[in-house]
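Trainee: Handing you a structure now.
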Amino acid sequence: MRRGRWAAVVGVVAAVAGGITWAASGDAPRVRTFEQRIQVVDGPKNDQHVGLDTTFFAPAGGGRAPAVLLAHGFGGSKDDTRDEAERLARHGYAVLTWSARGFGRSDGEITLDSPDYDVKDVRQLIDWLARRPEVRLDGPGDPRVGLAGQSYGGGITLLSAAYDRRVDAIAPQITWYDLADSLFPDATGKGAALPPDQPALPDQPTPTDLPAPTDLPGGVFKKVWAGVFFTGGASSTACGRFLPSLCAMYQKVAETGRPTPEAIATLRRSSPSSVAGRIHVPTLLVQGQSDSLFPLDQADGNARAVTGAPVKVVWFQGGHDGGDPETARVRDLVTGWFDRYLKGGPASTSGGSAAETSGGFTVTRTGGIDSSTQRVVVTAATAPRYPGLTGTARRTLPLGGQEQTIQNPAGGSPASISTLPGLGALGGVSGFGTGGVQLDMPGQSAAFDTEPLDAPVQLTGSARVRVRVAGGPATLFAKVYDVGPDGQAEPARRLVAPLNVSGTADVTLPPMDHRFDQGHRIRVVFGTTDMGYASPARPASYRVSVDSPLTVPVDPALRTPPVPLPGWVWGLPAIAVAAAVALVATGRGRRRRGGERGDPAVPLEIVGLTKRYKNGHLAVDDLSFRVEPGQVCGLLGPNGAGKTTTLRMLMGLIHPDAGQIRIFGEPVRPGAPVLSRLGSFVEGPGFLPHLSGRDNLELYWKAAGRGEAYLDEALRIAGLGDAIRRPVRTYSQGMRQRLAIAQAMLGLPDLLVLDEPTNGLDPPQIAEMREVLVRYAAEGRTVIISSHLLAEVEQTCTDVVVMHRGTLVAAGPVAEIAGHDGSVLIGTSEVDRAMSVLTGLEGVDGAEPYDPGVLVRLNGSGPSAVVAALVAAGVPVDRVMPHRRLEDAFLTLIGEGS
Amino acid sequence: MSADLTYRRRRTLPLRVEAVRQLRRRRTWIAFAVLLVLPWVLAAAFKIGGSPSANDANTPGLVTVATAGALNFTAFTLFASAGFLLVVAVALFCGDTVASEAGWASLRYLLAAPVPRTRLLRQKLIVALTYAALAVVSLPAMAMITGIYVFGWARLRVPGGDVALPNGTALTRMLIVVGYIMASELVVAALAFLLSVTTDSPLGAVGGAVGLVILSNIIDAVTALGHWREFLPTHWMFAWTDALQPHLEWTGMLKGTALSASYATVFIALAVRRFRAKDIVS
């Protein structure tokens, strides 16, 4: 039995553990790697010999596999991409990582992904791949190859795809479309960095009522990011390993804060914008929502630059400002992209229908913090197609606010702070943590609010507004805030859109994905300074007002599938229910049907009853007896004889090991309905100490599920008087005893079982109790009294069952067993003579020596004749007493037991 | 005639009777008294000691805004008591119920009445869970009253951006919180009930359940265990704080509910299995 129980428990544990172990994955096989320097020739004149430090990762599984070139970010080396490379190699790709020229242990200078240098390097790396036996070929010298990389590595990915037709798929991440535009942005859309042939957005009106801003250079210099970019590697030279011409260009630009035409030309040559329309491979664009260096509009430009091939755009939480890198999600996206376009059939670079070429749009959104992991929950919303920054639909919201006067501080200081490059965490989880740095200097900004929103607005893209500035050409910084119902304003994203403006201008606000809740307001702020940008040193005062409502792009097609919960959230309860059913169904206490029925007239019949406790003690051993109606049956035995165990089995409290108990013919099991005809008092009273005696009896009776109680009669038997209203805990032992007997008799049961009923009673109460019991049985009911006191049984009972050490010693009517049938014990010192006298004496059936005398069985005659005969024969008679076989047997048993 | 003709199995130990039997107990009154007085004690502590300061970076979010209003005070009271006080209260009601009957020896008379064993467990479990649920409800209810009286009504300020939630939302969130606390305490209730069936000592059953909760909390502090900690019965005990942030997160609460319900189901099944097979010798 116990083994079965433990087996069940072990089974449950094993099932639970089995459901979990999927998470504890084993180690993946090692990937074979080959390190080598690959010599390439580049430069405008193809005269620069450069050694590139590379590592080749052989594909797991052997054979010819598609290849992936992994490029690293700015300032890094091939080691940065090692994890990703190993993962892709295990996934069945041949992977080549390299340190770009100017980085790591490769030779040469940094050329900003120049087509003259870095792109030529990549072409020769693809040549090298085509010669590897592990790499699958689409044609002679044309390997099946994809490119992926972040930031600087993303730029080369796009440029290489434009310059080398052998590239089959790319996955550039957080990279630029136009470096000039990124470093000299202008939110009015007429910045110098914007290519003149850029098609105007359909809803963008042409400003005509303004003088052309002749004295303003296009774009506002993103000075901090540019500085980090160009001088991050400074050592013995100002720009570290930058190509000297690039370094000189930067220094000239940074000094004035204005771009030169040459600088713009150089930056643009290193930009996908220069090859727009020439990229025809499936492109996965992953751009960060926390990115003030290359904001989402750069991915938007790249998405337009790819033609005739599927483009998928993903806005994730990370970016150059930090935020959740969502590493697992991005890696899965990249792998999935390559699986689809590299591992499939011949890479399709030809155009298809619009639906086929649209790879879709995914935006990840932050939810709340999961307290168990202390991490922000990120969900992904997807739409079948990328809508651009103007959304698939637009909401127009009026902006309130009068014309406001703002000051440009002399020297551009103190400056407001939105994001600090290199302190990514600041912009990381905006909205969480109250200590985020976001400073708007007093007097420097004008704010315009919408009315509280009547419904939530999910802004996806760039909101637009027309601003009017009086007081001269101004450099302003536009930001979007989310204002709560109580006036608390939080930046929707820690991004700014800088603009040079004089008169009116249509402003494209920072691209983002943000939900403005119902009751919130959208606030547009125009400030005069931002820490990250160059702004005019000349003090000035401007009057700023808005000329148009706010146009908010939305994309209703975006759908957020529910966050998949781990399987165990549903699996575990199911397993638990199954385990519970198994546990309950297999237990020892299962209701056992059957058992032979007996004569329903016999109050109690016990057959072959055996019980051995877990500690090995054999408490009851093959006990059989029966009790007839109207009997007062005594269960007699010394302490430890098994009386109480028998009674507990009789009440269904203990499971017998063998044998059967039948009450009124019904087999007894725990909770058997026939127990309702049994009233019991076993091993002391059991009451709720905080309740009065009366409440105890009443509640007990209500719990018993039966009809009328004979409460008054029971109370009379208890005889507690006024004490019946006191809590039971104040009762003496005797009072509890009487109350318990009263409880046993409450329903006037047909079979009453009392265990040591007279314990704690005083002699008058004992006598009264005896009378009650005799009277009770006289009405045709049956009473069983267990006792270790011979006298009590003799005086009360009609029948007796004697037990010792679990076995039946004797059973029968008291009169029969007690020996009033005519035996006398003659005490004498001369046993032999007495025996000779008695033998043959008339009226004597027999005699036997019996210490300390002779036991005489009489046959009708009284003991006086026997005594007279003995005395006449001169045998000394010390005493004559009735012999009680019951007592004799009992004493013998006790003697053995002690 | 096999049984007393008036005997009905389904009338044995009615819920009302069991509820009265438990209600009149001193421990029931003391437990509720402690839960109902605690908010006043906390409020007095804030009045004497002053409102907590947000300057200390180590102060949890719910503490710094505890005195902002009745709703915040209620959230704080739950935060302060969910980890231990409510655990003890739930363990008390569910751990004591069978073991104390065994201790008083009244169990054998109920079973011989006869109340079928499975029915006895069912009725006792329902009543014990009801008292436990009342305990979980009474604390925030009194905290709300105390909060209105002492700090006044104000919108619920939640940590994370220090945003104030509209009243309707806040009350819904509070209901979610209380509901989740009930669900998460299920595992404690079931464990206490299992121990209650196993031992004759009420103290052993209650103490054992509380002790195992403490043990689980200690193991939960071993972050090296990684995701295995997610399967500790107490790991998700504070997942309801996910409802007290601007953006409600269900994930943690769903996980916690699933785990708690799973443990509870198995524990209760074990209790039934044990009790049915048990020899009642008390």
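By order of appearance in the structure tokens: chains A, B, ..., then residues from 1 within every chain, and ligands from 1 in the order shown.
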Can you list, as a ChimeraX atom specification, every residue of stretch 14-182 of chain B that DSSP puts in helix (DSSP H, G or I)?

Mentor: /B:15-23,26-49,61-64,70-81,85-104,106-112,117-150,167-182

Trainee: Would you kindly return, as a compact mmCIF listing (two decimals) with C-alpha atoms, in the first residue's frame, each protein, DNA or RNA residue with an atom no farther than 10 Å from any atom of A:Ala169, considering only C-alpha atoms and excluding same-chain residues fewer than 2 positions away?

Mentor:
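Generated file (out.txt):
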```
# COMPACT_ATOMS: atom_id res chain seq x y z
CA VAL A 68 26.42 34.57 -44.41
CA ARG A 144 24.63 31.86 -52.25
CA VAL A 145 25.35 34.60 -49.71
CA GLY A 146 23.54 36.88 -47.33
CA LEU A 147 24.88 39.85 -45.39
CA ALA A 148 23.93 41.03 -41.94
CA THR A 157 25.44 45.40 -45.96
CA LEU A 158 23.19 47.73 -47.94
CA ALA A 161 24.00 44.60 -52.00
CA ARG A 166 25.91 38.16 -56.13
CA VAL A 167 24.43 39.12 -52.77
CA ALA A 171 19.54 42.00 -42.91
CA PRO A 172 20.93 45.44 -41.97
CA HIS A 280 17.09 44.41 -55.47
CA VAL A 281 17.49 41.71 -52.82
CA PRO A 282 15.15 40.67 -50.01
CA THR A 283 15.90 43.07 -47.21
CA LEU A 284 15.12 42.83 -43.51
CA ALA A 309 12.33 42.61 -53.72
CA PRO A 310 10.55 41.90 -50.43
CA TRP A 337 14.83 35.87 -43.16
CA PHE A 338 17.88 33.95 -44.37
CA ARG A 340 13.43 31.96 -46.31
CA TYR A 341 15.60 33.65 -48.93
CA LEU A 342 18.92 31.75 -48.77
CA ALA A 347 17.07 33.32 -54.73
CA SER A 348 14.39 35.35 -56.36
CA THR A 349 15.56 38.85 -57.00
```

Trainee: Would you mind reading off the distance between atom CA of A:Thr307 and atom CA of A:Leu389, one decimal, in Å?

Mentor: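 One can read the atom CA of A:Thr307 to atom CA of A:Leu389 distance as 17.9 Å.
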
Trainee: Just want the 12 Å neighbourhood of B:Ala99, counted on only C-alpha atoms, with same-chain residues fewer than 5 positions away dropped. Output as a PyMOL selection string.

Mentor: chain B and resi 92-94+104-108+121+124+192-206+275+280+282

Trainee: Per DSSP on the backbone, what are the strand (DSSP E or B) residues of stretch 575-820 of chain A, as a PyMOL selection string?

Mentor: chain A and resi 604-612+618-627+632-636+658-663+666-667+678-681+692+727+751-755+782-787+799-804+807-813

Trainee: Convert the current residue selection to file output with C-alpha atoms, as a PDB file, in the first residue's frame.

Mentor:
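Result saved to again_24.pdb:
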```
ATOM      1  CA  LEU A 604     -23.448  -6.910  15.949  1.00  0.00           C
ATOM      2  CA  GLU A 605     -21.562  -9.721  14.363  1.00  0.00           C
ATOM      3  CA  ILE A 606     -17.799  -9.841  14.169  1.00  0.00           C
ATOM      4  CA  VAL A 607     -16.058 -12.493  12.077  1.00  0.00           C
ATOM      5  CA  GLY A 608     -12.349 -13.160  11.947  1.00  0.00           C
ATOM      6  CA  LEU A 609     -11.450  -9.559  12.720  1.00  0.00           C
ATOM      7  CA  THR A 610      -7.723  -8.859  12.579  1.00  0.00           C
ATOM      8  CA  LYS A 611      -5.798  -5.601  12.848  1.00  0.00           C
ATOM      9  CA  ARG A 612      -2.072  -5.112  12.921  1.00  0.00           C
ATOM     10  CA  LEU A 618      -1.066  -7.169  16.520  1.00  0.00           C
ATOM     11  CA  ALA A 619      -3.944  -5.458  18.286  1.00  0.00           C
ATOM     12  CA  VAL A 620      -6.798  -7.754  17.306  1.00  0.00           C
ATOM     13  CA  ASP A 621      -6.246 -11.323  16.181  1.00  0.00           C
ATOM     14  CA  ASP A 622      -8.982 -13.305  14.486  1.00  0.00           C
ATOM     15  CA  LEU A 623     -11.754 -12.085  16.767  1.00  0.00           C
ATOM     16  CA  SER A 624     -15.276 -13.426  16.297  1.00  0.00           C
ATOM     17  CA  PHE A 625     -18.384 -12.965  18.381  1.00  0.00           C
ATOM     18  CA  ARG A 626     -21.913 -11.759  18.088  1.00  0.00           C
ATOM     19  CA  VAL A 627     -24.330  -9.770  20.167  1.00  0.00           C
ATOM     20  CA  VAL A 632     -26.179  -5.650  27.545  1.00  0.00           C
ATOM     21  CA  CYS A 633     -22.891  -7.089  26.469  1.00  0.00           C
ATOM     22  CA  GLY A 634     -19.714  -6.513  28.371  1.00  0.00           C
ATOM     23  CA  LEU A 635     -16.428  -6.424  26.508  1.00  0.00           C
ATOM     24  CA  LEU A 636     -14.007  -7.365  29.216  1.00  0.00           C
ATOM     25  CA  ALA A 658      -8.977  -8.929   7.706  1.00  0.00           C
ATOM     26  CA  GLY A 659     -12.369 -10.052   8.821  1.00  0.00           C
ATOM     27  CA  GLN A 660     -15.646  -8.288   8.910  1.00  0.00           C
ATOM     28  CA  ILE A 661     -17.938  -6.408  11.218  1.00  0.00           C
ATOM     29  CA  ARG A 662     -21.664  -6.380  10.508  1.00  0.00           C
ATOM     30  CA  ILE A 663     -24.099  -4.108  12.259  1.00  0.00           C
ATOM     31  CA  GLU A 666     -24.627  -4.467   7.072  1.00  0.00           C
ATOM     32  CA  PRO A 667     -20.855  -4.612   6.639  1.00  0.00           C
ATOM     33  CA  LEU A 678     -24.886   3.209  16.323  1.00  0.00           C
ATOM     34  CA  GLY A 679     -24.375   5.522  19.261  1.00  0.00           C
ATOM     35  CA  SER A 680     -20.853   5.503  20.580  1.00  0.00           C
ATOM     36  CA  PHE A 681     -18.658   6.743  23.317  1.00  0.00           C
ATOM     37  CA  SER A 692     -21.358  25.078  25.791  1.00  0.00           C
ATOM     38  CA  PRO A 727     -18.267  26.221  27.758  1.00  0.00           C
ATOM     39  CA  LEU A 751     -26.882  -0.164  19.242  1.00  0.00           C
ATOM     40  CA  LEU A 752     -25.117   1.772  21.950  1.00  0.00           C
ATOM     41  CA  VAL A 753     -21.395   1.283  22.493  1.00  0.00           C
ATOM     42  CA  LEU A 754     -19.808   2.689  25.615  1.00  0.00           C
ATOM     43  CA  ASP A 755     -16.151   2.450  26.434  1.00  0.00           C
ATOM     44  CA  THR A 782     -28.594  -3.385  22.505  1.00  0.00           C
ATOM     45  CA  VAL A 783     -25.792  -2.019  24.646  1.00  0.00           C
ATOM     46  CA  ILE A 784     -22.131  -2.895  24.514  1.00  0.00           C
ATOM     47  CA  ILE A 785     -19.985  -1.856  27.411  1.00  0.00           C
ATOM     48  CA  SER A 786     -16.270  -2.197  27.306  1.00  0.00           C
ATOM     49  CA  SER A 787     -14.494  -2.324  30.617  1.00  0.00           C
ATOM     50  CA  ASP A 799     -23.569 -11.238  28.422  1.00  0.00           C
ATOM     51  CA  VAL A 800     -19.839 -10.937  28.323  1.00  0.00           C
ATOM     52  CA  VAL A 801     -16.988 -11.237  25.864  1.00  0.00           C
ATOM     53  CA  VAL A 802     -13.556 -11.616  27.391  1.00  0.00           C
ATOM     54  CA  MET A 803     -10.551 -10.507  25.350  1.00  0.00           C
ATOM     55  CA  HIS A 804      -6.870 -10.755  25.925  1.00  0.00           C
ATOM     56  CA  THR A 807      -7.975 -12.759  21.013  1.00  0.00           C
ATOM     57  CA  LEU A 808     -11.277 -13.984  22.329  1.00  0.00           C
ATOM     58  CA  VAL A 809     -10.936 -15.803  25.636  1.00  0.00           C
ATOM     59  CA  ALA A 810     -14.530 -16.452  26.542  1.00  0.00           C
ATOM     60  CA  ALA A 811     -18.015 -15.414  25.488  1.00  0.00           C
ATOM     61  CA  GLY A 812     -21.460 -16.150  26.799  1.00  0.00           C
ATOM     62  CA  PRO A 813     -24.113 -15.126  29.337  1.00  0.00           C
TER      63      PRO A 813
END
```

Trainee: Please report the interatomic distance between atom CA of A:Ala100 and atom CA of A:Ala299 in Å with one decimal.

Mentor: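 Calculated distance between atom CA of A:Ala100 and atom CA of A:Ala299 is 22.7 Å.
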
Trainee: Within 9 Å of B:Asn217, counting only C-alpha atoms, which residues show up once you throw out same-chain ones fewer than 5 positions away? Write them as JSON, numbers by chain, please.

Mentor: {"B": [212, 232, 233, 234, 235]}

Trainee: Just C-alpha atoms for this one: save the residues we selected as an mmCIF file, in the first residue's frame.

Mentor:
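The result, stored in selection_38.cif:
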```cif
data_model
loop_
_atom_site.group_PDB
_atom_site.id
_atom_site.type_symbol
_atom_site.label_atom_id
_atom_site.label_comp_id
_atom_site.auth_asym_id
_atom_site.auth_seq_id
_atom_site.Cartn_x
_atom_site.Cartn_y
_atom_site.Cartn_z
ATOM 1 C CA LEU B 212 7.400 25.629 4.034
ATOM 2 C CA LEU B 232 8.579 27.434 -6.313
ATOM 3 C CA PRO B 233 5.144 27.843 -4.759
ATOM 4 C CA THR B 234 5.909 31.337 -3.492
ATOM 5 C CA HIS B 235 7.743 32.657 -6.538
#
```

Trainee: Rank nothing, just name the residue among A:Asp370, A:Glu771, A:Asp116, A:Asp332 nearest to chain B, using only C-alpha atoms.

Mentor: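 Looking only at the distances to chain B, the closest residue turns out to be A:Asp370.
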
Trainee: Which residues are near A:Pro66? Cut-off 12 Å, only C-alpha atoms, ignore same chain within fewer than 4 positions. Put them as a ChimeraX atom specification.

Mentor: /A:57-60,62,88-89,91-96,126,129-130,132-138,142-147,167-169,338-347

Trainee: Which residues are near stretch 167-170 of chain B? Cut-off 8 Å, only C-alpha atoms, ignore same chain within fewer than 3 positions. Put them as a count of residues only.

Mentor: 5
